[in-house]
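Source file: work_22.txt; contents: compact mmCIF, C-alpha atoms.
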# COMPACT_ATOMS: atom_id res chain seq x y z
CA MET A 666 175.36 202.76 -131.66
CA ALA A 667 178.89 203.73 -132.68
CA ASP A 668 181.77 201.34 -132.15
CA THR A 669 184.33 202.01 -129.47
CA ILE A 670 187.70 202.63 -131.08
CA PHE A 671 191.27 202.74 -129.83
CA ALA A 672 194.65 203.63 -131.30
CA LEU A 673 198.13 204.79 -130.45
CA SER A 674 197.86 208.57 -130.67
CA SER A 675 201.50 209.44 -130.04
CA GLY A 676 204.60 208.79 -132.12
CA ALA A 677 205.72 205.30 -133.04
CA PRO A 678 207.61 203.49 -130.26
CA PRO A 679 210.15 203.35 -128.83
CA ALA A 680 209.51 206.69 -127.14
CA GLY A 681 209.53 208.17 -123.67
CA VAL A 682 205.74 208.05 -123.44
CA ALA A 683 203.12 206.30 -125.58
CA VAL A 684 199.51 207.53 -125.50
CA ILE A 685 196.68 205.17 -126.38
CA ARG A 686 193.32 206.83 -126.87
CA ILE A 687 189.94 205.09 -126.48
CA SER A 688 186.67 206.68 -127.63
CA GLY A 689 183.09 205.45 -127.73
CA PRO A 690 180.26 204.16 -125.56
CA ASP A 691 182.35 201.33 -124.02
CA ALA A 692 185.42 203.47 -123.29
CA GLY A 693 184.67 203.64 -119.57
CA GLU A 694 184.13 199.91 -119.22
CA ALA A 695 187.28 199.17 -121.20
CA LEU A 696 189.28 201.43 -118.89
CA GLN A 697 187.77 199.83 -115.80
CA ARG A 698 188.68 196.32 -116.94
CA ILE A 699 192.39 197.09 -117.15
CA ALA A 700 192.74 199.88 -114.55
CA GLY A 701 190.07 199.18 -111.92
CA VAL A 702 187.71 201.85 -110.63
CA LEU A 703 187.36 204.86 -112.90
CA PRO A 704 189.41 207.84 -111.71
CA LYS A 705 187.92 211.29 -111.24
CA SER A 706 187.15 212.82 -114.59
CA ARG A 707 189.86 214.94 -116.22
CA ARG A 708 192.42 214.18 -113.54
CA ALA A 709 195.60 212.26 -114.35
CA THR A 710 195.88 209.23 -112.05
CA LEU A 711 198.70 206.69 -111.68
CA ARG A 712 197.42 203.11 -111.92
CA LYS A 713 198.66 199.59 -112.54
CA LEU A 714 197.22 198.23 -115.76
CA ARG A 715 196.40 194.52 -115.72
CA ASN A 716 195.36 191.92 -118.24
CA PRO A 717 191.79 190.98 -117.21
CA ALA A 718 192.32 187.44 -118.53
CA ASP A 719 195.01 186.43 -116.03
CA GLY A 720 195.62 189.47 -113.80
CA SER A 721 199.19 189.96 -115.05
CA GLU A 722 200.59 193.47 -114.86
CA LEU A 723 200.92 195.27 -118.18
CA ASP A 724 202.40 198.60 -117.07
CA ARG A 725 202.20 201.38 -114.51
CA ALA A 726 200.67 204.31 -116.33
CA LEU A 727 198.90 207.61 -116.01
CA ILE A 728 195.26 207.32 -117.02
CA LEU A 729 192.69 209.95 -117.91
CA TRP A 730 188.92 209.58 -117.98
CA MET A 731 186.96 212.20 -119.98
CA PRO A 732 183.22 211.52 -120.18
CA GLY A 733 181.39 212.96 -123.15
CA PRO A 734 180.26 215.26 -124.53
CA SER A 735 183.08 217.42 -123.11
CA SER A 736 185.88 215.45 -124.72
CA ALA A 737 188.03 215.57 -127.84
CA THR A 738 185.50 213.51 -129.81
CA GLY A 739 182.26 214.41 -128.04
CA GLU A 740 182.05 210.81 -126.77
CA ASP A 741 183.30 209.09 -123.63
CA CYS A 742 187.08 209.05 -123.94
CA ALA A 743 189.99 207.53 -122.05
CA GLU A 744 193.74 207.91 -122.43
CA LEU A 745 196.51 205.60 -121.27
CA HIS A 746 199.91 207.27 -120.94
CA LEU A 747 202.23 204.28 -121.06
CA HIS A 748 205.95 203.71 -121.02
CA GLY A 749 206.84 203.98 -124.67
CA GLY A 750 208.44 200.62 -125.40
CA ARG A 751 207.19 198.53 -128.30
CA ALA A 752 206.38 195.52 -126.13
CA VAL A 753 204.38 197.61 -123.64
CA VAL A 754 202.29 199.20 -126.39
CA ALA A 755 201.76 195.87 -128.15
CA ALA A 756 200.62 194.16 -124.94
CA VAL A 757 198.06 196.85 -124.08
CA GLU A 758 196.76 197.01 -127.66
CA ALA A 759 196.39 193.21 -127.69
CA VAL A 760 194.27 193.28 -124.53
CA LEU A 761 192.07 196.06 -125.91
CA GLY A 762 191.76 194.34 -129.28
CA HIS A 763 190.47 191.12 -127.71
CA ARG A 764 187.61 192.89 -125.95
CA PRO A 765 184.26 192.56 -127.78
CA GLY A 766 182.98 195.90 -129.02
CA LEU A 767 186.42 197.48 -129.34
CA ARG A 768 188.30 197.86 -132.59
CA ARG A 769 191.32 199.70 -133.90
CA ALA A 770 190.59 203.18 -135.22
CA GLU A 771 190.95 204.09 -138.88
CA SER A 772 192.92 207.10 -140.14
CA GLY A 773 191.41 210.32 -138.84
CA GLU A 774 188.51 208.56 -137.14
CA PHE A 775 188.83 210.40 -133.81
CA THR A 776 188.73 213.76 -135.59
CA ARG A 777 185.90 212.60 -137.82
CA ARG A 778 183.85 211.80 -134.72
CA ALA A 779 184.59 215.27 -133.38
CA PHE A 780 183.23 216.67 -136.66
CA ALA A 781 180.18 214.39 -136.60
CA ASN A 782 179.43 215.42 -133.00
CA GLY A 783 179.64 219.14 -133.82
CA LEU A 784 182.83 219.93 -131.90
CA ILE A 785 184.58 221.17 -135.02
CA ASP A 786 183.35 222.09 -138.46
CA LEU A 787 184.82 221.13 -141.82
CA ALA A 788 187.02 224.21 -142.18
CA GLU A 789 188.52 223.60 -138.74
CA ALA A 790 189.13 219.94 -139.59
CA GLU A 791 190.95 220.98 -142.76
CA GLY A 792 193.07 223.38 -140.72
CA LEU A 793 193.92 220.58 -138.31
CA ALA A 794 194.98 218.36 -141.21
CA ASP A 795 197.28 221.12 -142.42
CA LEU A 796 198.66 221.57 -138.91
CA LEU A 797 199.65 217.90 -138.75
CA THR A 798 201.68 218.25 -141.94
CA ALA A 799 203.11 221.74 -141.29
CA GLU A 800 206.88 221.91 -141.76
CA THR A 801 207.54 225.66 -141.64
CA GLU A 802 206.59 228.37 -139.18
CA LEU A 803 204.35 230.13 -141.67
CA GLN A 804 202.50 226.88 -142.43
CA ARG A 805 202.03 226.32 -138.71
CA GLN A 806 200.62 229.79 -138.12
CA ALA A 807 198.18 229.62 -141.04
CA ALA A 808 197.02 226.13 -140.01
CA MET A 809 196.56 227.26 -136.40
CA ALA A 810 194.38 230.14 -137.56
CA MET A 811 192.20 227.82 -139.63
CA ALA A 812 192.04 225.08 -136.99
CA GLY A 813 191.22 227.72 -134.38
CA GLY A 814 188.10 228.72 -136.30
CA ALA A 815 189.16 232.00 -137.95
CA LEU A 816 187.39 231.17 -141.22
CA SER A 817 184.50 229.45 -139.45
CA ARG A 818 183.75 232.53 -137.34
CA GLN A 819 183.85 234.72 -140.44
CA VAL A 820 181.54 232.34 -142.31
CA ASP A 821 179.10 232.46 -139.37
CA GLU A 822 179.14 236.24 -139.55
CA TRP A 823 178.50 236.24 -143.30
CA ARG A 824 175.75 233.67 -142.88
CA GLU A 825 173.99 235.83 -140.27
CA GLN A 826 174.16 238.81 -142.60
CA VAL A 827 172.80 236.77 -145.52
CA LEU A 828 170.06 235.39 -143.28
CA GLY A 829 169.14 238.95 -142.33
CA LEU A 830 168.93 239.92 -145.98
CA SER A 831 166.84 236.83 -146.70
CA ALA A 832 164.46 237.61 -143.85
CA ALA A 833 163.94 241.13 -145.17
CA ILE A 834 163.26 239.84 -148.69
CA GLU A 835 160.91 237.10 -147.48
CA ALA A 836 158.98 239.67 -145.45
CA THR A 837 158.64 241.79 -148.58
CA LEU A 838 157.31 238.78 -150.48
CA ASP A 839 154.83 237.94 -147.71
CA PHE A 840 153.45 241.46 -147.64
CA SER A 841 153.39 241.57 -151.43
CA ASP A 842 151.19 238.46 -151.50
CA GLU A 843 148.74 240.29 -149.29
CA GLY A 844 148.76 243.28 -151.62
CA GLU A 845 150.01 245.64 -148.92
CA VAL A 846 153.28 246.70 -150.60
CA GLY A 847 154.76 246.71 -154.08
CA GLU A 848 157.72 244.78 -155.34
CA ASP A 849 160.36 247.29 -154.19
CA LEU A 850 163.39 245.92 -152.36
CA PRO A 851 163.69 246.59 -148.62
CA PRO A 852 165.44 249.86 -147.66
CA GLY A 853 169.22 249.47 -147.57
CA PHE A 854 169.11 246.02 -149.17
CA VAL A 855 171.47 246.86 -152.02
CA GLU A 856 174.00 248.54 -149.72
CA ARG A 857 173.98 245.63 -147.24
CA CYS A 858 174.37 243.11 -150.04
CA ASP A 859 177.26 245.10 -151.51
CA ALA A 860 179.02 245.24 -148.12
CA VAL A 861 178.92 241.44 -147.66
CA SER A 862 180.05 240.89 -151.24
CA ALA A 863 183.00 243.26 -150.76
CA GLN A 864 184.12 241.44 -147.60
CA ILE A 865 184.00 238.10 -149.38
CA GLY A 866 185.83 239.55 -152.37
CA ALA A 867 188.66 240.66 -150.08
CA TRP A 868 189.01 237.10 -148.75
CA LEU A 869 189.03 235.70 -152.28
CA ALA A 870 191.87 238.07 -153.19
CA ARG A 871 194.10 236.72 -150.43
CA PRO A 872 197.00 234.38 -151.26
CA ARG A 873 195.84 230.78 -151.50
CA ALA A 874 196.68 227.83 -149.27
CA GLU A 875 198.19 225.54 -151.91
CA PRO A 876 201.50 227.43 -152.40
CA LEU A 877 201.80 227.66 -148.62
CA ARG A 878 201.08 223.96 -148.09
CA GLU A 879 203.13 222.64 -151.00
CA GLY A 880 205.78 225.37 -151.22
CA LEU A 881 206.33 228.09 -153.81
CA ARG A 882 207.42 226.38 -157.01
CA VAL A 883 210.63 227.97 -158.33
CA VAL A 884 211.79 226.59 -161.68
CA LEU A 885 215.37 226.99 -162.88
CA ALA A 886 215.22 227.27 -166.67
CA GLY A 887 217.61 228.14 -169.45
CA PRO A 888 219.72 226.66 -172.22
CA PRO A 889 221.96 223.63 -171.67
CA ASN A 890 225.11 224.09 -169.60
CA ALA A 891 223.96 227.45 -168.18
CA GLY A 892 224.55 226.33 -164.59
CA LYS A 893 221.03 225.40 -163.55
CA SER A 894 222.02 222.24 -161.69
CA THR A 895 224.94 223.98 -159.95
CA LEU A 896 222.62 226.75 -158.78
CA PHE A 897 220.00 224.17 -157.80
CA ASN A 898 222.53 222.38 -155.57
CA ALA A 899 223.55 225.69 -153.99
CA LEU A 900 219.94 226.63 -153.23
CA VAL A 901 219.03 223.29 -151.68
CA GLU A 902 222.46 223.09 -149.98
CA HIS A 903 223.36 219.55 -151.00
CA GLU A 904 224.49 217.75 -154.13
CA ALA A 905 221.03 216.76 -155.31
CA ALA A 906 221.71 217.18 -159.02
CA ILE A 907 224.53 215.79 -161.14
CA THR A 908 226.72 218.54 -162.62
CA ALA A 909 229.20 218.18 -165.45
CA PRO A 910 230.79 220.37 -168.15
CA GLU A 911 228.88 218.53 -170.87
CA ALA A 912 225.67 220.11 -172.11
CA GLY A 913 222.46 218.19 -171.51
CA THR A 914 223.48 216.48 -168.26
CA THR A 915 220.00 217.02 -166.81
CA ARG A 916 217.39 215.08 -168.77
CA ASP A 917 214.53 214.93 -166.26
CA VAL A 918 212.86 217.15 -163.67
CA LEU A 919 214.46 217.17 -160.22
CA THR A 920 212.68 218.72 -157.22
CA SER A 921 213.70 219.51 -153.66
CA SER A 922 211.71 221.14 -150.86
CA VAL A 923 213.52 223.76 -148.81
CA SER A 924 212.58 226.21 -146.05
CA LEU A 925 214.15 229.67 -146.32
CA ASP A 926 213.59 231.93 -143.33
CA GLY A 927 210.59 229.79 -142.34
CA LEU A 928 209.01 229.99 -145.82
CA PRO A 929 208.38 226.87 -147.95
CA PHE A 930 209.92 226.54 -151.41
CA VAL A 931 210.12 223.76 -153.98
CA PHE A 932 213.12 224.26 -156.26
CA ILE A 933 212.92 222.51 -159.62
CA ASP A 934 215.89 221.76 -161.84
CA THR A 935 215.02 221.18 -165.49
CA ALA A 936 216.57 220.07 -168.73
CA GLY A 937 218.24 222.73 -170.88
CA LEU A 938 215.98 224.36 -173.45
CA ARG A 939 217.21 224.57 -177.03
CA ASP A 940 215.74 224.56 -180.52
CA ASP A 941 218.38 222.28 -182.07
CA GLU A 942 217.50 218.79 -183.18
CA VAL A 943 217.74 216.57 -180.10
CA GLY A 944 217.32 212.91 -179.27
CA HIS A 945 214.08 211.35 -178.07
CA VAL A 946 215.05 211.31 -174.36
CA GLU A 947 216.24 214.91 -174.35
CA ALA A 948 213.08 216.00 -176.16
CA ILE A 949 210.99 214.44 -173.39
CA GLY A 950 213.09 216.32 -170.81
CA ILE A 951 212.59 219.62 -172.65
CA GLY A 952 208.84 219.03 -172.77
CA ARG A 953 208.75 218.38 -169.05
CA ALA A 954 210.84 221.50 -168.41
CA LYS A 955 208.36 223.65 -170.32
CA ALA A 956 205.44 222.06 -168.46
CA GLU A 957 207.07 222.81 -165.10
CA ALA A 958 207.69 226.42 -166.14
CA ASP A 959 204.02 226.80 -167.06
CA ARG A 960 202.88 225.77 -163.57
CA ALA A 961 205.61 227.57 -161.64
CA ASP A 962 205.05 230.42 -159.20
CA LEU A 963 208.42 231.82 -160.23
CA VAL A 964 210.83 231.06 -163.08
CA PHE A 965 214.53 231.83 -162.92
CA TRP A 966 216.07 232.13 -166.37
CA LEU A 967 219.82 231.63 -166.51
CA GLY A 968 222.04 233.29 -169.06
CA GLY A 969 222.83 231.99 -172.51
CA GLU A 970 224.88 228.99 -173.41
CA GLY A 971 228.64 229.44 -173.08
CA GLN A 972 228.57 231.67 -170.00
CA GLY A 973 229.15 228.67 -167.73
CA PRO A 974 227.88 227.93 -164.24
CA ASP A 975 230.39 230.16 -162.48
CA VAL A 976 229.28 233.36 -164.24
CA ALA A 977 225.67 232.52 -165.04
CA CYS A 978 223.36 235.52 -165.25
CA LEU A 979 220.00 235.05 -163.58
CA TRP A 980 216.75 236.72 -164.54
CA GLU A 981 213.34 236.62 -162.92
CA ILE A 982 210.66 235.90 -165.48
CA SER A 983 206.93 236.08 -164.84
CA ALA A 984 205.35 232.64 -164.58
CA GLN A 985 202.72 233.85 -167.06
CA ALA A 986 205.25 235.02 -169.69
CA ASP A 987 205.46 233.29 -173.05
CA ARG A 988 208.81 231.49 -172.89
CA ALA A 989 209.08 231.52 -176.70
CA ASP A 990 208.97 235.33 -176.79
CA LEU A 991 211.70 236.13 -174.28
CA PRO A 992 213.65 239.24 -175.33
CA ALA A 993 217.07 238.59 -176.77
CA LYS A 994 218.72 240.98 -174.34
CA ILE A 995 217.43 241.85 -170.86
CA ASP A 996 219.14 243.30 -167.84
CA PRO A 997 219.88 240.62 -165.23
CA ARG A 998 218.09 240.94 -161.94
CA HIS A 999 220.92 239.04 -160.22
CA ARG A 1000 224.45 238.10 -161.13
CA VAL A 1001 225.49 235.07 -159.14
CA SER A 1002 228.17 232.45 -158.95
CA ALA A 1003 226.80 229.31 -157.41
CA MET A 1004 230.34 227.94 -157.25
CA SER A 1005 231.97 230.85 -155.38
CA GLY A 1006 228.82 231.97 -153.59
CA ALA A 1007 228.93 235.49 -155.00
CA GLY A 1008 225.44 237.02 -155.11
CA MET A 1009 223.76 234.07 -153.41
CA THR A 1010 222.86 236.01 -150.25
CA ALA A 1011 221.09 238.68 -152.28
CA LEU A 1012 219.34 236.02 -154.35
CA ARG A 1013 218.03 234.21 -151.28
CA GLY A 1014 216.92 237.53 -149.79
CA ASP A 1015 214.99 238.32 -152.97
CA LEU A 1016 213.36 234.89 -152.86
CA VAL A 1017 212.24 235.45 -149.28
CA ALA A 1018 210.87 238.91 -150.13
CA PHE A 1019 208.94 237.46 -153.07
CA ALA A 1020 207.52 234.68 -150.89
CA ARG A 1021 206.39 237.12 -148.20
CA SER A 1022 204.34 238.98 -150.80
CA ALA A 1023 202.98 235.84 -152.48
CA LEU A 1024 202.14 233.75 -149.40
CA PRO A 1025 199.55 234.44 -146.68
CA ARG A 1026 200.61 236.87 -143.99
CA PRO A 1027 201.59 235.26 -140.66
CA GLY A 1028 198.50 234.23 -138.69
CA ASN A 1029 196.08 234.79 -141.59
CA SER A 1030 193.78 232.04 -142.77
CA ALA A 1031 194.38 230.90 -146.33
CA LEU A 1032 191.63 229.38 -148.45
CA ASN A 1033 192.23 226.00 -150.06
CA ALA A 1034 190.81 225.14 -153.48
CA ARG A 1035 187.53 223.76 -152.08
CA GLN A 1036 186.96 226.73 -149.81
CA HIS A 1037 187.90 229.22 -152.51
CA ARG A 1038 185.48 227.60 -154.97
CA LEU A 1039 182.55 227.68 -152.55
CA LEU A 1040 183.26 231.20 -151.34
CA GLY A 1041 183.48 232.20 -154.99
CA GLN A 1042 180.00 230.79 -155.48
CA VAL A 1043 178.75 232.90 -152.57
CA HIS A 1044 180.36 235.98 -154.10
CA GLU A 1045 178.87 235.19 -157.50
CA SER A 1046 175.39 234.68 -156.03
CA LEU A 1047 175.53 238.03 -154.24
CA SER A 1048 177.06 239.85 -157.21
CA SER A 1049 174.30 238.53 -159.46
CA LEU A 1050 171.79 240.52 -157.40
CA PHE A 1051 173.24 243.91 -158.37
CA GLY A 1052 170.66 245.72 -160.48
CA VAL A 1053 167.97 243.13 -159.77
CA SER A 1054 164.73 244.56 -158.44
CA ASP A 1055 162.59 241.42 -158.35
CA PRO A 1056 162.38 240.17 -154.72
CA ILE A 1057 161.78 236.58 -155.90
CA LEU A 1058 165.06 236.53 -157.83
CA CYS A 1059 166.85 238.13 -154.89
CA ALA A 1060 165.47 235.50 -152.51
CA GLU A 1061 166.71 232.72 -154.80
CA GLY A 1062 170.18 234.25 -155.05
CA LEU A 1063 170.41 234.55 -151.27
CA ARG A 1064 169.35 230.91 -150.85
CA ASP A 1065 172.18 229.89 -153.19
CA ALA A 1066 174.63 231.96 -151.13
CA ARG A 1067 173.49 230.36 -147.87
CA SER A 1068 173.77 226.87 -149.38
CA ALA A 1069 177.38 227.49 -150.46
CA LEU A 1070 178.28 228.87 -147.02
CA ASP A 1071 176.77 225.79 -145.36
CA ARG A 1072 178.79 223.48 -147.62
CA LEU A 1073 181.95 225.46 -146.88
CA VAL A 1074 181.86 224.60 -143.17
CA GLY A 1075 180.30 221.15 -143.64
CA ARG A 1076 176.73 221.77 -142.57
CA THR A 1077 175.47 220.01 -145.67
CA GLY A 1078 176.52 218.30 -148.88
CA VAL A 1079 180.06 217.19 -147.95
CA GLU A 1080 179.82 213.41 -147.55
CA ASP A 1081 181.60 212.83 -150.87
CA MET A 1082 184.82 214.44 -149.66
CA LEU A 1083 184.99 213.41 -145.99
CA ASP A 1084 186.82 210.14 -146.63
CA ALA A 1085 189.53 211.94 -148.58
CA LEU A 1086 189.95 214.61 -145.92
CA PHE A 1087 190.16 212.37 -142.88
CA GLY A 1088 192.34 209.94 -144.77
CA ARG A 1089 195.03 212.65 -144.57
CA PHE A 1090 195.17 212.19 -140.79
CA CYS A 1091 197.33 209.62 -139.08
CA ILE A 1092 195.74 206.71 -137.22
CA GLY A 1093 195.12 207.85 -133.66
CA LYS A 1094 194.14 211.42 -134.58
How does the structure come out when it is put into structure tokens?
Amino acid sequence: MADTIFALSSGAPPAGVAVIRISGPDAGEALQRIAGVLPKSRRATLRKLRNPADGSELDRALILWMPGPSSATGEDCAELHLHGGRAVVAAVEAVLGHRPGLRRAESGEFTRRAFANGLIDLAEAEGLADLLTAETELQRQAAMAMAGGALSRQVDEWREQVLGLSAAIEATLDFSDEGEVGEDLPPGFVERCDAVSAQIGAWLARPRAEPLREGLRVVLAGPPNAGKSTLFNALVEHEAAITAPEAGTTRDVLTSSVSLDGLPFVFIDTAGLRDDEVGHVEAIGIGRAKAEADRADLVFWLGGEGQGPDVACLWEISAQADRADLPAKIDPRHRVSAMSGAGMTALRGDLVAFARSALPRPGNSALNARQHRLLGQVHESLSSLFGVSDPILCAEGLRDARSALDRLVGRTGVEDMLDALFGRFCIGK
């Protein structure tokens, strides 16, 4: 039998209201011991909470009783909506903690029980984790779509189609064993397989979740004293980087997360790049600058040395370009002065336009690395069937596709990553 767990599920006190959640087989008895007779299910009721040891009053609170399986975790659940002072919360938690059979919840344990009891699948749990950490409107919308089951419903649809294809192939194999038909594939099999593969391919081509979750990485690169740090400060709108007339002021990588028009960015200031002989510390900074440019979603190259930060020319360079082979002369995409503000509005507008094309569209689900890998396996399994006429090989490929779909939503083979996922949740969620 599972333990009964409890935790503060609202923000840290002091607060206007503090919500303590209890879940498990002894949730009802625990609620009765401090609040008296159980209230009607799913109806907020005002009660005095008392310490069962001495009858002293702990608080006057709204309580909720939600018997399973129709609850947030699929188990019997109770909620105590307390006054949000630290002493009130501590007193109630102390009483609950002294009761045999009750223990404090671990990070994400309530949500993990919802997953274990079939109320949500793995993709929905991942969406909920993203929702808890969302900082921009676009992140919130994408996380809501995933937590609401957008990907899960699509996976169910693909799984039904793959099951239908498998059933047709298995029937062919059964009849073939009896010698009633040859080894031809069922009518329409190739076309149906191609249609599912095309749908999955379209999902794989969508923008990924990582840039949305972490922010588009925009690296400011260029020679020393080109104005990178001045522009960096202007973009993040505070003096995050030290600026000075001397070349080589920036020796390390400096990052700052910013939301522009509800879109997440990570701006990265780097050491100036030059081929001259440099000291050991500056050489390390240059190496780190090149490494950041290699993993950037966008690189801004500022004009050559001597132009100064107030007249720096800015170019947009593909993140895949070879930095060593930049042309000697290229037309600037933007001319900006981070000091006077000239051109900054156009630059920010261009950044937002780039992000809208590179990030998921509002309300669309975005695949994370795990989901993309597994869906890629499904696509590969289905694609491998093109031109195959042997029903046995087709049946094996379809079984592989079903297995990957099941792992995607957590039906099988996911125990090794559950701890890491639910560890992302706060205690009480």
A:Gly880, A:Gly952, A:Pro679, A:Pro889 ranked by distance to A:Ser921, top pick (using only C-alpha atoms)
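Result for the nearest residue to A:Ser921: A:Gly880.
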Please compute the atom CA of A:Leu796-atom CA of A:Arg1035 distance, one decimal, in Å.
17.4 Å
The residues within 10 Å of (172.0, 240.2, -158.5), using all atoms listed in the file and the coordinates of the file, should be reported as a list in words; which are they?
Val855, Cys858, Glu1045, Ser1046, Leu1047, Ser1048, Ser1049, Leu1050, Phe1051, Gly1052, Val1053, Ser1054, Asp1055, Leu1058, Cys1059, Glu1061, Gly1062 and Leu1063 of chain A
Residues from the last selection, C-alpha atoms, saved as a PDB file, in the frame of the given file:
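Result file result06.pdb:
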ATOM      1  CA  VAL A 855     171.470 246.860-152.020  1.00  0.00           C
ATOM      2  CA  CYS A 858     174.370 243.110-150.040  1.00  0.00           C
ATOM      3  CA  GLU A1045     178.870 235.190-157.500  1.00  0.00           C
ATOM      4  CA  SER A1046     175.390 234.680-156.030  1.00  0.00           C
ATOM      5  CA  LEU A1047     175.530 238.030-154.240  1.00  0.00           C
ATOM      6  CA  SER A1048     177.060 239.850-157.210  1.00  0.00           C
ATOM      7  CA  SER A1049     174.300 238.530-159.460  1.00  0.00           C
ATOM      8  CA  LEU A1050     171.790 240.520-157.400  1.00  0.00           C
ATOM      9  CA  PHE A1051     173.240 243.910-158.370  1.00  0.00           C
ATOM     10  CA  GLY A1052     170.660 245.720-160.480  1.00  0.00           C
ATOM     11  CA  VAL A1053     167.970 243.130-159.770  1.00  0.00           C
ATOM     12  CA  SER A1054     164.730 244.560-158.440  1.00  0.00           C
ATOM     13  CA  ASP A1055     162.590 241.420-158.350  1.00  0.00           C
ATOM     14  CA  LEU A1058     165.060 236.530-157.830  1.00  0.00           C
ATOM     15  CA  CYS A1059     166.850 238.130-154.890  1.00  0.00           C
ATOM     16  CA  GLU A1061     166.710 232.720-154.800  1.00  0.00           C
ATOM     17  CA  GLY A1062     170.180 234.250-155.050  1.00  0.00           C
ATOM     18  CA  LEU A1063     170.410 234.550-151.270  1.00  0.00           C
TER      19      LEU A1063
END
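With only C-alpha atoms as the basis for measurement, A:Thr801 is the residue among A:Ser817, A:Ser1030, A:Ser894, A:Thr801 that approaches A:Phe930 most closely.
If you look at atom CA of A:Ala936 and atom CA of A:Val1001, they are 19.9 Å away from each other.
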Using only C-alpha atoms, pick whichever of A:Ser688, A:Val946, A:Pro929, A:Ala961 has the shortest atom-to-atom distance to A:Val883.
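When distances to A:Val883 are compared using only C-alpha atoms, the smallest one comes from A:Ala961.
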Need to verify the contact set: A:Leu877, 12 Å, only C-alpha atoms, exclusion of same-chain residues closer than 4 positions in sequence. Can you return it as a PyMOL selection string?
chain A and resi 795-796+798-808+872-873+881-882+924+927-931+962+1020-1027+1029-1033
From the options A:Ile865, A:Val702, A:Ile687, A:Val820, which residue's atoms come nearest to A:Gln1042, counting all atoms listed in the file?
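Nearest to A:Gln1042: A:Ile865.
In this comparison, which uses only C-alpha atoms, the residue of A:Ile951, A:Leu838, A:Ala726, A:Ile933 approaching A:Pro888 most closely is A:Ile951.
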Quick one: residues within 8 Å of A:Gly887, all atoms listed in the file counted, chain neighbours fewer than 2 positions away excluded, as an NGL selection string?
:A and (885 or 889 or 891 or 893 or 937-938 or 966-969)
Which distance in Å separates atom CA of A:Ile1057 and atom CA of A:Val861, to one decimal?
19.6 Å
Name the closest residue to A:Ala672 among the candidates A:Gly773, A:Gly944, A:Gly1008, A:Gly1028; distances are taken between atoms, counting only C-alpha atoms.
A:Gly773
Applying 8 Å and all atoms listed in the file, which residues near A:Asp786 remain after dropping the ones on its own chain fewer than 2 positions away? List them as a count of residues only.
10
Spatial neighbours of A:Leu1040, max dist 9 Å, all atoms listed in the file, sep filter under 2 positions, as a PyMOL selection string
chain A and resi 865-866+868-869+1035-1038+1042-1045+1066+1069-1070+1073
Residues within 12 Å of (185.0, 200.2, -130.0), file coordinates, counting all atoms listed in the file: what are they? Give the list as a ChimeraX atom specification.
/A:666-672,686-696,740-743,761-771,774-775
Near A:Leu900, within 9 Å and counting all atoms listed in the file, which residues show up once chain neighbours fewer than 5 positions away are dropped, as a PyMOL selection string?
chain A and resi 895+923+932+1003+1009+1013
